[in-house]
Amino acid sequence: MDWGTELWDQYDIIEKHTQSGLELVEKYVKFVKERTEIEQNYAKQLRNLSKKYNLKRSGKDEPDSRFSSYQSFLDVVNEMNDYAGQRELIAENLMMNICIDLTKYLQELKQERKMYLIEAKRAQQSLESTYKQLDSSKKRFEREWREAERTAQYAEKTDQDLNATKADVEKAKQQAHMRSHLAEECKNDYAAQLQKYNKEQSQFYFNEMPLIFNKLQDLDERRVRKLAQGYILFSDTERHVMPIIGKCLEGITKAGTNVNDRNDTMVVIEQNKSGFERPGDVEFEDYSQGINRTSSESSLGTPKGPMDILGRNRSKNFWLFSKKSKPTVTEDFTHLPPEQRRKRLQQKLEEICRELQKEVDQSEALGKMKDVYEKNPQMGDPASLASQISQTSQNMERLTGERVKYEAWLAEALGRGETLHYKSHTFNNNGAHDVLGPDGAHSDESIPDPSQAIYAEFDDDFEDEELTAPIGNCTAMYSFPGASEGTISMQEGEVLAVVEEDKGDGWTRVRRNDGDEGYIPTSYVSIDLKK
């Protein structure tokens with residue numbers, strides 16, 4: 001069954017129905033757009049939430065950062081950030097695969113429908129024009145036939161009139177004959193026009209309009225199929241990211257199972273252990289026999305009483321639960337107990353070394369850029385780099401001085417008299433520094449030197465980490481073009497080295513085996529960090 005056969009006389013209905021169908025497509029596109037906006041707003045709020053509670057931004061040196069519950073909370077926040085990325089992906093795919101695609105298809109249908117309606121109007125106008133010609137020839141035939149009858153009656157009357165001359169009779173007969181001949185021509189023309197109209201009318205109702213109606217039917221069916229595909233895509237778009245969303249939720253569950261209460265307890269002990277022993281018994285001071293103060297005989301080792309712990313305020317009694325006054329923070333961390341002081345000095349020294357490495361890298365980069373400018377002046381003015389080079393040199397000199405100072409304090413805290421020797425500004429690209437022996441020569445790995453002894457004592461807690469060393473691997477779950485500046489392309493299934501974790505902005509820094517580095521969307525990869 002088709003419209004051309006069953007609905008041959010329902011032009012207005014077909015026109016109205018096809019218009020209503022196109023309006024339904026427009027309505028669905030608006031519906032999906034609003035859903036997309038909801039997804040985008042939801043993802044944005046999740047991003048902001050993750051950014052707000054990403055504790056890494058508050059400082060890496062926080063004591064809580066070593067607790068498993070703290071790290072698990074960071075994992076939950078990061079997984080939620082990845083989850084937000086999937087909501088963004090849903091919004092993007094809905095917009096691209098449904099809104100944009102359906103809008104383009106809708107415009108094509110509108111143009112096609114308009115063309116069919118124009119064809120129908122032209123056929124209608126052609127039939128109407130033929131009918132007007134038929135009506136005109138019919139009226140002319142009627143008029144001329146009546147005139148022919150009138151002239152024939154007049155000629156007969158004139159012929160019977162005895163007073164009419166022969167010339168009058170002849171003239172009347174010629175007039176009647178002429179009118180009769182003209183009426184016959186009009187009759188033939190009317191018959192021809194009638195035949196022409198009937199033929200065009202048959203062509204109109206049995207060929208032209210059914211063909212146009214069938215074309216409109218095909219258009220409408222294609223519209224319905226496309227709309228059905230849009231409905232399915234609406235569901236598939238979210239279903240396709242469900243595995244990744246499931247992984248995000250699994251990551252949150254894993255974060256909960258990774259919490260280790262016993263380990264957190266040990267971290268509290270490690271972070272806050274002073275290294276002192278419990279105070280001994282308070283000696284009896286017999287004022288009747290004179291005061292024998294023996295506190296001066298105590299060594300730098302175990303304090304004899306609680307006053308040695310407080311030290312700075314002997315006028316107050318020592319109570320375990322009393323509120324202690326906040327000590328004055330010193331640069332060499334002497335305000336801390338021995339154990340904590342050694343750890344803080346070690347951390348500070350590692351931070352200085354990392355900063356110094358960055359300045360060394362910056363200095364090398366500026367030097368290379370200056371050489372390029374000198375060889376190719378059109379690329380830039382070498383003099384424009386002078387201020388940056390000078391500032392970098394000053395920073396390197398300042399950091400080198402700080403490094404030497406903290407090395408001395410660390411040696412003192414460890415109870416060693418030897419001095420650490422470092423070759424000035426000899427940091428390599430891995431953030432490590434060349435160590436010199438006391439005589440200024442390069443130390444061999446097999447020959448222990450003071451710096452190795454100092455660092456080795458705390459290897460379990462503070463390992464030297466290379467700035468550019470990978471912290472894990474990732475596998476691409478989707479292809480990424482990497483068209484923007486600072487990004488890197490990847491193919492689905494490609495394995496990359498993770499150089500820097502997601503900072504809460506949805507991007508992870510990675511490196512290929514050939515050394516190329518750049519950023520990729522965190523939600524596009526499965527990350528496996530080294531423990």
# chains A, B, ... in the order shown; residues from 1 in each chain; ligands from 1
>>> residues_around(residues="Glu6 of chain A", least_positions_apart="5", cutoff="12 Å", atoms="only C-alpha atoms", output="list of chain:residue names")
A:Met1, A:Tyr11, A:Ile14, A:Tyr205, A:Phe206, A:Met209, A:Pro210, A:Phe213, A:Asn214, A:Gln217
>>> write_last_selection(atoms="N, CA and C atoms", output="compact mmCIF listing (two decimals), in the first residue's frame")
# COMPACT_ATOMS: atom_id res chain seq x y z
N MET A 1 0.85 -1.20 0.00
CA MET A 1 0.00 0.00 0.00
C MET A 1 0.88 1.24 0.00
N TYR A 11 -4.12 15.47 -0.57
CA TYR A 11 -2.91 16.29 -0.66
C TYR A 11 -2.70 17.10 0.62
N ILE A 14 -1.47 14.88 3.48
CA ILE A 14 -0.08 14.47 3.31
C ILE A 14 0.87 15.63 3.61
N TYR A 205 -3.84 12.56 -12.18
CA TYR A 205 -4.35 11.76 -11.07
C TYR A 205 -3.79 10.33 -11.02
N PHE A 206 -3.33 9.84 -12.14
CA PHE A 206 -2.87 8.45 -12.16
C PHE A 206 -1.35 8.30 -12.25
N MET A 209 0.70 12.93 -9.67
CA MET A 209 0.48 13.08 -8.24
C MET A 209 0.79 11.80 -7.45
N PRO A 210 0.42 10.61 -7.93
CA PRO A 210 0.82 9.40 -7.20
C PRO A 210 2.34 9.28 -7.06
N PHE A 213 3.33 11.75 -4.38
CA PHE A 213 2.90 11.25 -3.07
C PHE A 213 3.79 10.09 -2.61
N ASN A 214 4.18 9.23 -3.53
CA ASN A 214 5.06 8.12 -3.16
C ASN A 214 6.45 8.60 -2.75
N GLN A 217 6.08 9.83 0.64
CA GLN A 217 5.98 8.67 1.53
C GLN A 217 7.38 8.12 1.83
>>> residues_around(residues="segment 337-347 of chain A", least_positions_apart="6", cutoff="7 Å", atoms="only C-alpha atoms", output="list in words")
Lys273, Ser274, Gly275, Tyr406, Leu410 and Ala413 of chain A
>>> write_last_selection(atoms="N, CA and C atoms", output="CSV table (one decimal), in the first residue's frame")
chain,number,residue,atom,x,y,z
A,273,LYS,N,57.4,10.2,66.1
A,273,LYS,CA,58.4,9.6,67.0
A,273,LYS,C,59.5,10.6,67.2
A,274,SER,N,59.8,11.0,68.5
A,274,SER,CA,60.7,12.0,68.8
A,274,SER,C,62.2,11.5,68.9
A,275,GLY,N,62.3,10.2,69.2
A,275,GLY,CA,63.6,9.6,69.4
A,275,GLY,C,64.1,9.7,70.9
A,406,TYR,N,72.2,23.0,53.9
A,406,TYR,CA,71.4,21.9,54.4
A,406,TYR,C,72.1,20.6,54.5
A,410,LEU,N,72.4,18.4,57.8
A,410,LEU,CA,72.0,17.0,57.8
A,410,LEU,C,73.2,16.2,58.4
A,413,ALA,N,73.1,16.6,62.0
A,413,ALA,CA,71.9,15.9,62.7
A,413,ALA,C,72.2,14.4,62.8
>>> residues_around(residues="Glu517 of chain A", least_positions_apart="3", cutoff="12 Å", atoms="only C-alpha atoms", output="NGL selection string")
:A and (468 or 470 or 482 or 485-490 or 496-500 or 508-514 or 520)
>>> closest_residue(among="A:Gln71, A:Asn41, A:Asn163, A:Ser137", to="Lys196 of chain A", atoms="only C-alpha atoms")
A:Ser137
>>> residues_around(residues="Val525 of chain A", least_positions_apart="2", cutoff="8 Å", atoms="only C-alpha atoms", output="mmCIF file with N, CA, C and O atoms, in the first residue's frame")
data_model
loop_
_atom_site.group_PDB
_atom_site.id
_atom_site.type_symbol
_atom_site.label_atom_id
_atom_site.label_comp_id
_atom_site.auth_asym_id
_atom_site.auth_seq_id
_atom_site.Cartn_x
_atom_site.Cartn_y
_atom_site.Cartn_z
ATOM 1 N N CYS A 474 50.149 3.313 31.020
ATOM 2 C CA CYS A 474 48.730 3.456 30.704
ATOM 3 C C CYS A 474 48.477 2.850 29.327
ATOM 4 O O CYS A 474 49.363 2.850 28.470
ATOM 5 N N THR A 475 47.275 2.370 29.139
ATOM 6 C CA THR A 475 46.867 1.768 27.870
ATOM 7 C C THR A 475 45.706 2.558 27.301
ATOM 8 O O THR A 475 44.719 2.816 28.010
ATOM 9 N N ALA A 476 45.820 2.988 26.047
ATOM 10 C CA ALA A 476 44.776 3.801 25.413
ATOM 11 C C ALA A 476 43.540 2.948 25.137
ATOM 12 O O ALA A 476 43.632 1.920 24.473
ATOM 13 N N MET A 477 42.398 3.389 25.672
ATOM 14 C CA MET A 477 41.136 2.701 25.389
ATOM 15 C C MET A 477 40.457 3.301 24.166
ATOM 16 O O MET A 477 39.579 2.679 23.567
ATOM 17 N N TYR A 478 40.854 4.527 23.818
ATOM 18 C CA TYR A 478 40.308 5.197 22.642
ATOM 19 C C TYR A 478 41.438 5.905 21.926
ATOM 20 O O TYR A 478 42.471 6.238 22.522
ATOM 21 N N PRO A 521 43.786 12.983 27.486
ATOM 22 C CA PRO A 521 42.662 12.955 28.423
ATOM 23 C C PRO A 521 42.766 11.723 29.336
ATOM 24 O O PRO A 521 42.965 10.606 28.861
ATOM 25 N N THR A 522 42.643 11.950 30.619
ATOM 26 C CA THR A 522 42.758 10.855 31.584
ATOM 27 C C THR A 522 41.700 9.784 31.347
ATOM 28 O O THR A 522 41.950 8.595 31.512
ATOM 29 N N SER A 523 40.506 10.231 30.935
ATOM 30 C CA SER A 523 39.394 9.292 30.771
ATOM 31 C C SER A 523 39.561 8.401 29.542
ATOM 32 O O SER A 523 38.805 7.453 29.373
ATOM 33 N N ILE A 527 45.045 3.497 33.547
ATOM 34 C CA ILE A 527 46.346 3.812 34.151
ATOM 35 C C ILE A 527 46.697 2.775 35.216
ATOM 36 O O ILE A 527 45.862 2.390 36.039
#
>>> residues_around(residues="Asn395 of chain A", least_positions_apart="6", cutoff="10 Å", atoms="only C-alpha atoms", output="PyMOL selection string")
chain A and resi 355-356+359-360+389+401
>>> write_last_selection(atoms="all heavy atoms", output="PDB file, in the first residue's frame")
ATOM      1  N   GLU A 355      64.664  21.469  42.632  1.00  0.00           N
ATOM      2  CA  GLU A 355      64.562  22.845  42.115  1.00  0.00           C
ATOM      3  C   GLU A 355      65.826  23.231  41.344  1.00  0.00           C
ATOM      4  O   GLU A 355      65.753  23.898  40.302  1.00  0.00           O
ATOM      5  CB  GLU A 355      64.323  23.815  43.276  1.00  0.00           C
ATOM      6  CG  GLU A 355      62.963  23.668  43.940  1.00  0.00           C
ATOM      7  CD  GLU A 355      62.785  24.636  45.088  1.00  0.00           C
ATOM      8  OE1 GLU A 355      63.642  25.528  45.227  1.00  0.00           O
ATOM      9  OE2 GLU A 355      61.796  24.501  45.833  1.00  0.00           O
ATOM     10  N   LEU A 356      66.966  22.815  41.874  1.00  0.00           N
ATOM     11  CA  LEU A 356      68.230  23.129  41.193  1.00  0.00           C
ATOM     12  C   LEU A 356      68.290  22.439  39.835  1.00  0.00           C
ATOM     13  O   LEU A 356      68.773  23.015  38.850  1.00  0.00           O
ATOM     14  CB  LEU A 356      69.403  22.700  42.079  1.00  0.00           C
ATOM     15  CG  LEU A 356      70.812  23.050  41.563  1.00  0.00           C
ATOM     16  CD1 LEU A 356      70.933  24.534  41.282  1.00  0.00           C
ATOM     17  CD2 LEU A 356      71.868  22.604  42.575  1.00  0.00           C
ATOM     18  N   GLU A 359      66.345  24.439  37.368  1.00  0.00           N
ATOM     19  CA  GLU A 359      67.068  25.638  36.926  1.00  0.00           C
ATOM     20  C   GLU A 359      68.189  25.272  35.946  1.00  0.00           C
ATOM     21  O   GLU A 359      68.459  25.998  34.992  1.00  0.00           O
ATOM     22  CB  GLU A 359      67.644  26.376  38.142  1.00  0.00           C
ATOM     23  CG  GLU A 359      66.605  26.946  39.078  1.00  0.00           C
ATOM     24  CD  GLU A 359      65.738  27.999  38.422  1.00  0.00           C
ATOM     25  OE1 GLU A 359      66.219  28.670  37.477  1.00  0.00           O
ATOM     26  OE2 GLU A 359      64.566  28.153  38.840  1.00  0.00           O
ATOM     27  N   VAL A 360      68.857  24.118  36.198  1.00  0.00           N
ATOM     28  CA  VAL A 360      69.906  23.665  35.271  1.00  0.00           C
ATOM     29  C   VAL A 360      69.292  23.381  33.894  1.00  0.00           C
ATOM     30  O   VAL A 360      69.833  23.777  32.858  1.00  0.00           O
ATOM     31  CB  VAL A 360      70.608  22.411  35.834  1.00  0.00           C
ATOM     32  CG1 VAL A 360      71.533  21.795  34.792  1.00  0.00           C
ATOM     33  CG2 VAL A 360      71.408  22.774  37.090  1.00  0.00           C
ATOM     34  N   ILE A 389      68.545  34.502  31.333  1.00  0.00           N
ATOM     35  CA  ILE A 389      69.773  33.751  31.627  1.00  0.00           C
ATOM     36  C   ILE A 389      70.379  34.221  32.942  1.00  0.00           C
ATOM     37  O   ILE A 389      70.821  33.415  33.779  1.00  0.00           O
ATOM     38  CB  ILE A 389      70.773  33.896  30.468  1.00  0.00           C
ATOM     39  CG1 ILE A 389      70.219  33.233  29.197  1.00  0.00           C
ATOM     40  CG2 ILE A 389      72.128  33.320  30.831  1.00  0.00           C
ATOM     41  CD1 ILE A 389      71.082  33.409  27.974  1.00  0.00           C
ATOM     42  N   GLY A 401      73.937  27.337  47.193  1.00  0.00           N
ATOM     43  CA  GLY A 401      74.285  27.729  48.564  1.00  0.00           C
ATOM     44  C   GLY A 401      73.375  27.078  49.589  1.00  0.00           C
ATOM     45  O   GLY A 401      73.838  26.607  50.641  1.00  0.00           O
TER      46      GLY A 401
END
>>> residues_around(residues="Asp82 of chain A", least_positions_apart="5", cutoff="9 Å", atoms="only C-alpha atoms", output="list in words")
Arg47, Val77, Arg87, Ile244, Ile245, Cys248, Gly506, Thr522 and Ser523 of chain A
>>> write_last_selection(atoms="C-alpha atoms", output="PDB file, in the first residue's frame")
ATOM      1  CA  ARG A  47      35.049  18.586  37.970  1.00  0.00           C
ATOM      2  CA  VAL A  77      38.425  12.141  44.083  1.00  0.00           C
ATOM      3  CA  ARG A  87      29.835  12.458  31.437  1.00  0.00           C
ATOM      4  CA  ILE A 244      34.648   2.907  31.883  1.00  0.00           C
ATOM      5  CA  ILE A 245      32.157   4.267  34.411  1.00  0.00           C
ATOM      6  CA  CYS A 248      35.647   4.293  37.923  1.00  0.00           C
ATOM      7  CA  GLY A 506      41.357  15.810  33.443  1.00  0.00           C
ATOM      8  CA  THR A 522      42.758  10.855  31.584  1.00  0.00           C
ATOM      9  CA  SER A 523      39.394   9.292  30.771  1.00  0.00           C
TER      10      SER A 523
END
>>> atom_distance(atom1="atom CA of Asn97 of chain A", atom2="atom CA of Ser479 of chain A")
17.2 Å
>>> closest_residue(among="A:Asp168, A:Asp101, A:Glu37, A:Glu208", to="Ala120 of chain A", atoms="only C-alpha atoms")
A:Glu208
>>> atom_distance(atom1="atom CA of Leu22 of chain A", atom2="atom CA of Glu39 of chain A")
25.9 Å
>>> closest_residue(among="A:Ile352, A:Leu233, A:Leu385, A:Val268", to="Glu397 of chain A", atoms="only C-alpha atoms")
A:Ile352
>>> atom_distance(atom1="atom CA of Val259 of chain A", atom2="atom CA of Ser69 of chain A")
5.1 Å
>>> residues_around(residues="Gln153 of chain A", least_positions_apart="6", cutoff="10 Å", atoms="only C-alpha atoms", output="list of chain:residue names")
A:Glu147, A:Asp159, A:Ala172, A:Lys173, A:Ala176
>>> decode(residues="segment 494-506 of chain A", atoms="all heavy atoms", output="PDB file, in the first residue's frame")
ATOM      1  N   GLU A 494      47.441   1.441  22.381  1.00  0.00           N
ATOM      2  CA  GLU A 494      48.841   1.842  22.522  1.00  0.00           C
ATOM      3  C   GLU A 494      49.208   1.973  23.999  1.00  0.00           C
ATOM      4  O   GLU A 494      48.431   2.469  24.804  1.00  0.00           O
ATOM      5  CB  GLU A 494      49.084   3.173  21.807  1.00  0.00           C
ATOM      6  CG  GLU A 494      50.538   3.625  21.823  1.00  0.00           C
ATOM      7  CD  GLU A 494      50.750   4.893  21.031  1.00  0.00           C
ATOM      8  OE1 GLU A 494      49.770   5.418  20.470  1.00  0.00           O
ATOM      9  OE2 GLU A 494      51.902   5.361  20.976  1.00  0.00           O
ATOM     10  N   VAL A 495      50.407   1.518  24.370  1.00  0.00           N
ATOM     11  CA  VAL A 495      50.891   1.582  25.748  1.00  0.00           C
ATOM     12  C   VAL A 495      51.883   2.731  25.865  1.00  0.00           C
ATOM     13  O   VAL A 495      52.838   2.823  25.081  1.00  0.00           O
ATOM     14  CB  VAL A 495      51.556   0.256  26.165  1.00  0.00           C
ATOM     15  CG1 VAL A 495      52.090   0.361  27.588  1.00  0.00           C
ATOM     16  CG2 VAL A 495      50.559  -0.889  26.054  1.00  0.00           C
ATOM     17  N   LEU A 496      51.653   3.618  26.836  1.00  0.00           N
ATOM     18  CA  LEU A 496      52.499   4.787  27.044  1.00  0.00           C
ATOM     19  C   LEU A 496      52.978   4.812  28.486  1.00  0.00           C
ATOM     20  O   LEU A 496      52.352   4.229  29.382  1.00  0.00           O
ATOM     21  CB  LEU A 496      51.721   6.076  26.727  1.00  0.00           C
ATOM     22  CG  LEU A 496      51.106   6.178  25.337  1.00  0.00           C
ATOM     23  CD1 LEU A 496      50.175   7.378  25.267  1.00  0.00           C
ATOM     24  CD2 LEU A 496      52.182   6.310  24.274  1.00  0.00           C
ATOM     25  N   ALA A 497      54.084   5.509  28.718  1.00  0.00           N
ATOM     26  CA  ALA A 497      54.612   5.676  30.074  1.00  0.00           C
ATOM     27  C   ALA A 497      53.995   6.916  30.707  1.00  0.00           C
ATOM     28  O   ALA A 497      53.924   7.973  30.085  1.00  0.00           O
ATOM     29  CB  ALA A 497      56.135   5.800  30.041  1.00  0.00           C
ATOM     30  N   VAL A 498      53.529   6.800  31.947  1.00  0.00           N
ATOM     31  CA  VAL A 498      52.947   7.932  32.670  1.00  0.00           C
ATOM     32  C   VAL A 498      54.077   8.699  33.343  1.00  0.00           C
ATOM     33  O   VAL A 498      54.827   8.157  34.151  1.00  0.00           O
ATOM     34  CB  VAL A 498      51.913   7.459  33.717  1.00  0.00           C
ATOM     35  CG1 VAL A 498      51.367   8.649  34.474  1.00  0.00           C
ATOM     36  CG2 VAL A 498      50.789   6.697  33.045  1.00  0.00           C
ATOM     37  N   VAL A 499      54.189   9.999  32.999  1.00  0.00           N
ATOM     38  CA  VAL A 499      55.235  10.852  33.563  1.00  0.00           C
ATOM     39  C   VAL A 499      54.687  11.691  34.713  1.00  0.00           C
ATOM     40  O   VAL A 499      55.376  11.947  35.699  1.00  0.00           O
ATOM     41  CB  VAL A 499      55.832  11.766  32.468  1.00  0.00           C
ATOM     42  CG1 VAL A 499      56.892  12.676  33.055  1.00  0.00           C
ATOM     43  CG2 VAL A 499      56.433  10.915  31.362  1.00  0.00           C
ATOM     44  N   GLU A 500      53.435  12.114  34.572  1.00  0.00           N
ATOM     45  CA  GLU A 500      52.840  12.989  35.592  1.00  0.00           C
ATOM     46  C   GLU A 500      51.364  12.669  35.725  1.00  0.00           C
ATOM     47  O   GLU A 500      50.657  12.545  34.735  1.00  0.00           O
ATOM     48  CB  GLU A 500      53.029  14.463  35.199  1.00  0.00           C
ATOM     49  CG  GLU A 500      52.484  15.455  36.216  1.00  0.00           C
ATOM     50  CD  GLU A 500      52.728  16.890  35.774  1.00  0.00           C
ATOM     51  OE1 GLU A 500      53.857  17.194  35.347  1.00  0.00           O
ATOM     52  OE2 GLU A 500      51.778  17.690  35.844  1.00  0.00           O
ATOM     53  N   GLU A 501      50.903  12.501  36.960  1.00  0.00           N
ATOM     54  CA  GLU A 501      49.507  12.152  37.201  1.00  0.00           C
ATOM     55  C   GLU A 501      48.573  13.317  36.869  1.00  0.00           C
ATOM     56  O   GLU A 501      49.000  14.471  36.755  1.00  0.00           O
ATOM     57  CB  GLU A 501      49.307  11.764  38.672  1.00  0.00           C
ATOM     58  CG  GLU A 501      49.853  10.408  39.046  1.00  0.00           C
ATOM     59  CD  GLU A 501      49.437  10.022  40.448  1.00  0.00           C
ATOM     60  OE1 GLU A 501      48.296   9.582  40.629  1.00  0.00           O
ATOM     61  OE2 GLU A 501      50.266  10.192  41.367  1.00  0.00           O
ATOM     62  N   ASP A 502      47.308  12.996  36.752  1.00  0.00           N
ATOM     63  CA  ASP A 502      46.251  14.006  36.572  1.00  0.00           C
ATOM     64  C   ASP A 502      46.213  14.907  37.799  1.00  0.00           C
ATOM     65  O   ASP A 502      46.108  14.438  38.936  1.00  0.00           O
ATOM     66  CB  ASP A 502      44.906  13.287  36.400  1.00  0.00           C
ATOM     67  CG  ASP A 502      43.789  14.245  36.004  1.00  0.00           C
ATOM     68  OD1 ASP A 502      43.981  15.466  36.171  1.00  0.00           O
ATOM     69  OD2 ASP A 502      42.748  13.776  35.533  1.00  0.00           O
ATOM     70  N   LYS A 503      46.320  16.218  37.571  1.00  0.00           N
ATOM     71  CA  LYS A 503      46.295  17.186  38.668  1.00  0.00           C
ATOM     72  C   LYS A 503      44.889  17.653  39.008  1.00  0.00           C
ATOM     73  O   LYS A 503      44.715  18.627  39.741  1.00  0.00           O
ATOM     74  CB  LYS A 503      47.158  18.407  38.306  1.00  0.00           C
ATOM     75  CG  LYS A 503      48.605  18.062  38.025  1.00  0.00           C
ATOM     76  CD  LYS A 503      49.307  17.446  39.223  1.00  0.00           C
ATOM     77  CE  LYS A 503      50.777  17.208  38.936  1.00  0.00           C
ATOM     78  NZ  LYS A 503      51.465  16.590  40.083  1.00  0.00           N
ATOM     79  N   GLY A 504      43.889  16.979  38.472  1.00  0.00           N
ATOM     80  CA  GLY A 504      42.519  17.372  38.744  1.00  0.00           C
ATOM     81  C   GLY A 504      41.866  18.105  37.600  1.00  0.00           C
ATOM     82  O   GLY A 504      40.692  18.469  37.684  1.00  0.00           O
ATOM     83  N   ASP A 505      42.624  18.337  36.495  1.00  0.00           N
ATOM     84  CA  ASP A 505      42.073  19.040  35.349  1.00  0.00           C
ATOM     85  C   ASP A 505      41.670  18.102  34.223  1.00  0.00           C
ATOM     86  O   ASP A 505      41.278  18.531  33.149  1.00  0.00           O
ATOM     87  CB  ASP A 505      43.077  20.070  34.813  1.00  0.00           C
ATOM     88  CG  ASP A 505      44.433  19.448  34.507  1.00  0.00           C
ATOM     89  OD1 ASP A 505      44.564  18.201  34.639  1.00  0.00           O
ATOM     90  OD2 ASP A 505      45.355  20.188  34.138  1.00  0.00           O
ATOM     91  N   GLY A 506      41.792  16.763  34.453  1.00  0.00           N
ATOM     92  CA  GLY A 506      41.357  15.810  33.443  1.00  0.00           C
ATOM     93  C   GLY A 506      42.431  15.428  32.430  1.00  0.00           C
ATOM     94  O   GLY A 506      42.133  14.749  31.456  1.00  0.00           O
TER      95      GLY A 506
END
